[in-house]
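Novice: My questions will all concern the structure given below.
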Amino acid sequence: MIKALFSAPPADWDEFEAPLRAAFATAALEVNLSRDHAPGTVDYVIYSPKGPLSDFTPFTRTRAVLSLWAGVERIVGNATLTQPLCRMVDPSLSVGMTEYVTGHVLRHHLGLDHWVKGAAGWHQIVPPLAAERPVTILGLGELGQACAMALRALGFPVTGWSSSAKAIPGLTCLSGPDGLARALAGAQILVLMLPLTSATENMIDAAALAALPPGAVLINPARGALVDDAALLAALDSGHLAHATLDVFRVEPLADDHPFRNHPRITITPHIAAHTRASTAAGVIADNIRRDQAGLPLLYRVDRSRGY
Ligand code: NDP
Ligand code: OXD
């Protein structure tokens with residue numbers, strides 16, 4: 001019998017227990033799923049960074065740590081973690097992120113705030129068509145590509161920037177420092193879809209913000225520490241940046257007295273851009289355990305040297 005330890009907050013257990021048991025049954029896996037197995041007996045750890053586990057040393061027979069989160073910056077550098085680490089790639093996560101990004105891009109593209117506020121008079125401010133509104137996405141992985149394809153389908157010219165060079169039909173794909181300069185210079189709307197690593201922390205600093213065209217909008221549903229907070233406030237206050245829509249922050253929950261709060265050019269959402277949903281993610285976890293048990297390589301393994 002396979003032993004799987006569920007190491008996550010109680011609310012996650014309530015959400016995941018039944019779907020995981022169902023997914024294990026569907027995958028014909030006999031799994032003893034519990035929140036309190038003795039560490040030395042555990043085959044797989046199903047892990048949330050909000051759970052109790054921080055020392056992986058006693059998990060001597062554990063074959064893999066399977067994260068419920070896509071972002072792994074809070075575990076990838078854990079020196080006690082010698083077991084393989086897999087991040088979450090979940091179809092619902094991609095759909096949720098695509099809906100969030102598309103919705104916020106369309107809000108800014110159409111200037112919806114002006115009309116929602118209830119504009120007086122009869123001033124016909126006609127927005128440009130999507131084809132005239134270039135969008136750049138930094139990060140062309142699972143989520144960045146899903147967002148890019150959805151925006152492309154709506155007619156936006158989409159440029160994506162990633163670590164490795166890519167060729168994706170319909171997108172302008174860039175990489176490297178020159179690619180970043182081009183990607184920023186052309187971005188009327190900039191979407192961050194990068195993981196937080198030592199290479200990406202503070203990437204959106206004063207120079208990167210200055211490289212955007214005047215009046216650009218930033219949408220960050222990736223990680224707060226990608227952005228230099230002080231530089232962002234300065235760019236907004238000078239008017240160079242028209243607006244920032246932020247879902248993620250250096251410290252969460254965002255403090256009530258943080259300068260981002262009540263800033264007229266910042267929209268805050270409380271880390272809700274995309275949620276790992278048990279209905280689909282349980283199957284992803286079960287499938288990875290099935291693969292490992294069958295001697296197949298684990299999917300979505302994190303490269304510790306890159307940090308994602
Ligand atoms: P992926 O690992 O699939 O994609 C990451 C992308 O970033 C890849 O294209 C990668 O390039 C690129 N990249 C990484 N480092 C660099 C670098 N130094 N320079 C240039 N490009 C780089 O991640 P996901 O798309 O699944 O997720 C992205 C992030 O979204 C997560 O790490 C997480 O932080 C955040 N997230 C936020 C959620 C929310 O609710 N707010 C929900 C889920 C995730 P390459 O393709 O060459 O490897
Ligand atoms: C994640 C997140 O990384 O929710 O999955 O931010």
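Please note that chains go A, B, ... in the order of the structure tokens, that every chain numbers its residues from 1, and that ligands are numbered from 1 in the order shown.
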Could I get the residue neighbourhood of ligand 2 at 6 Å, counting only C-alpha atoms and all ligand atoms, as a PDB file with N, CA, C and O atoms, in the first residue's frame?
Specialist:
```pdb
ATOM      1  N   TRP A  69       0.860  23.898  -5.288  1.00  0.00           N
ATOM      2  CA  TRP A  69       1.013  25.250  -5.834  1.00  0.00           C
ATOM      3  C   TRP A  69       1.886  25.199  -7.087  1.00  0.00           C
ATOM      4  O   TRP A  69       2.809  24.381  -7.166  1.00  0.00           O
ATOM      5  N   ALA A  70       1.610  26.121  -8.005  1.00  0.00           N
ATOM      6  CA  ALA A  70       2.451  26.238  -9.201  1.00  0.00           C
ATOM      7  C   ALA A  70       3.783  26.887  -8.862  1.00  0.00           C
ATOM      8  O   ALA A  70       4.833  26.472  -9.347  1.00  0.00           O
ATOM      9  N   GLY A  71       3.738  27.908  -8.025  1.00  0.00           N
ATOM     10  CA  GLY A  71       4.955  28.624  -7.631  1.00  0.00           C
ATOM     11  C   GLY A  71       5.633  27.892  -6.483  1.00  0.00           C
ATOM     12  O   GLY A  71       4.985  27.550  -5.497  1.00  0.00           O
ATOM     13  N   HIS A 275      -6.652  29.557  -8.924  1.00  0.00           N
ATOM     14  CA  HIS A 275      -6.721  28.698  -7.743  1.00  0.00           C
ATOM     15  C   HIS A 275      -6.559  27.241  -8.206  1.00  0.00           C
ATOM     16  O   HIS A 275      -7.159  26.843  -9.209  1.00  0.00           O
TER      17      HIS A 275
END
```
Novice: So which residues touch segment 192-209 of chain A within 6 Å, counting only C-alpha atoms, skipping near sequence neighbours fewer than 3 positions away, as a list in words?
Specialist: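 My list of contacting residues is Ile137, Leu138, Gly139, Gly144, Leu212, Asn220, Ala222, Ala225, Leu226, Val227, Asp228, Ala231 and Gly307 of chain A.
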Novice: Skipping near chain neighbours, those fewer than 5 positions away, what residues fall within 10 Å of Thr269 of chain A using only C-alpha atoms, listed as a PyMOL selection string?
Specialist: chain A and resi 221+245-249+254
Novice: Mind listing the strand (DSSP E or B) residues of segment 33-267 of chain A, per DSSP on the backbone, as number ranges by chain?
Specialist: A: 33-34, 44-47, 64-67, 85-86, 135-138, 158-162, 172-175, 189-192, 204, 216-220, 227, 241-246, 266-267
Novice: To one decimal place in Å, what is the distance between atom CA of Ala146 of chain A and atom CA of Ser94 of chain A?
Specialist: 6.3 Å
Novice: Take atom CA of Leu85 of chain A and atom CA of Ser67 of chain A and report the distance between them in Å, one decimal.
Specialist: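 Atom CA of Ser67 of chain A lies 7.3 Å from atom CA of Leu85 of chain A.
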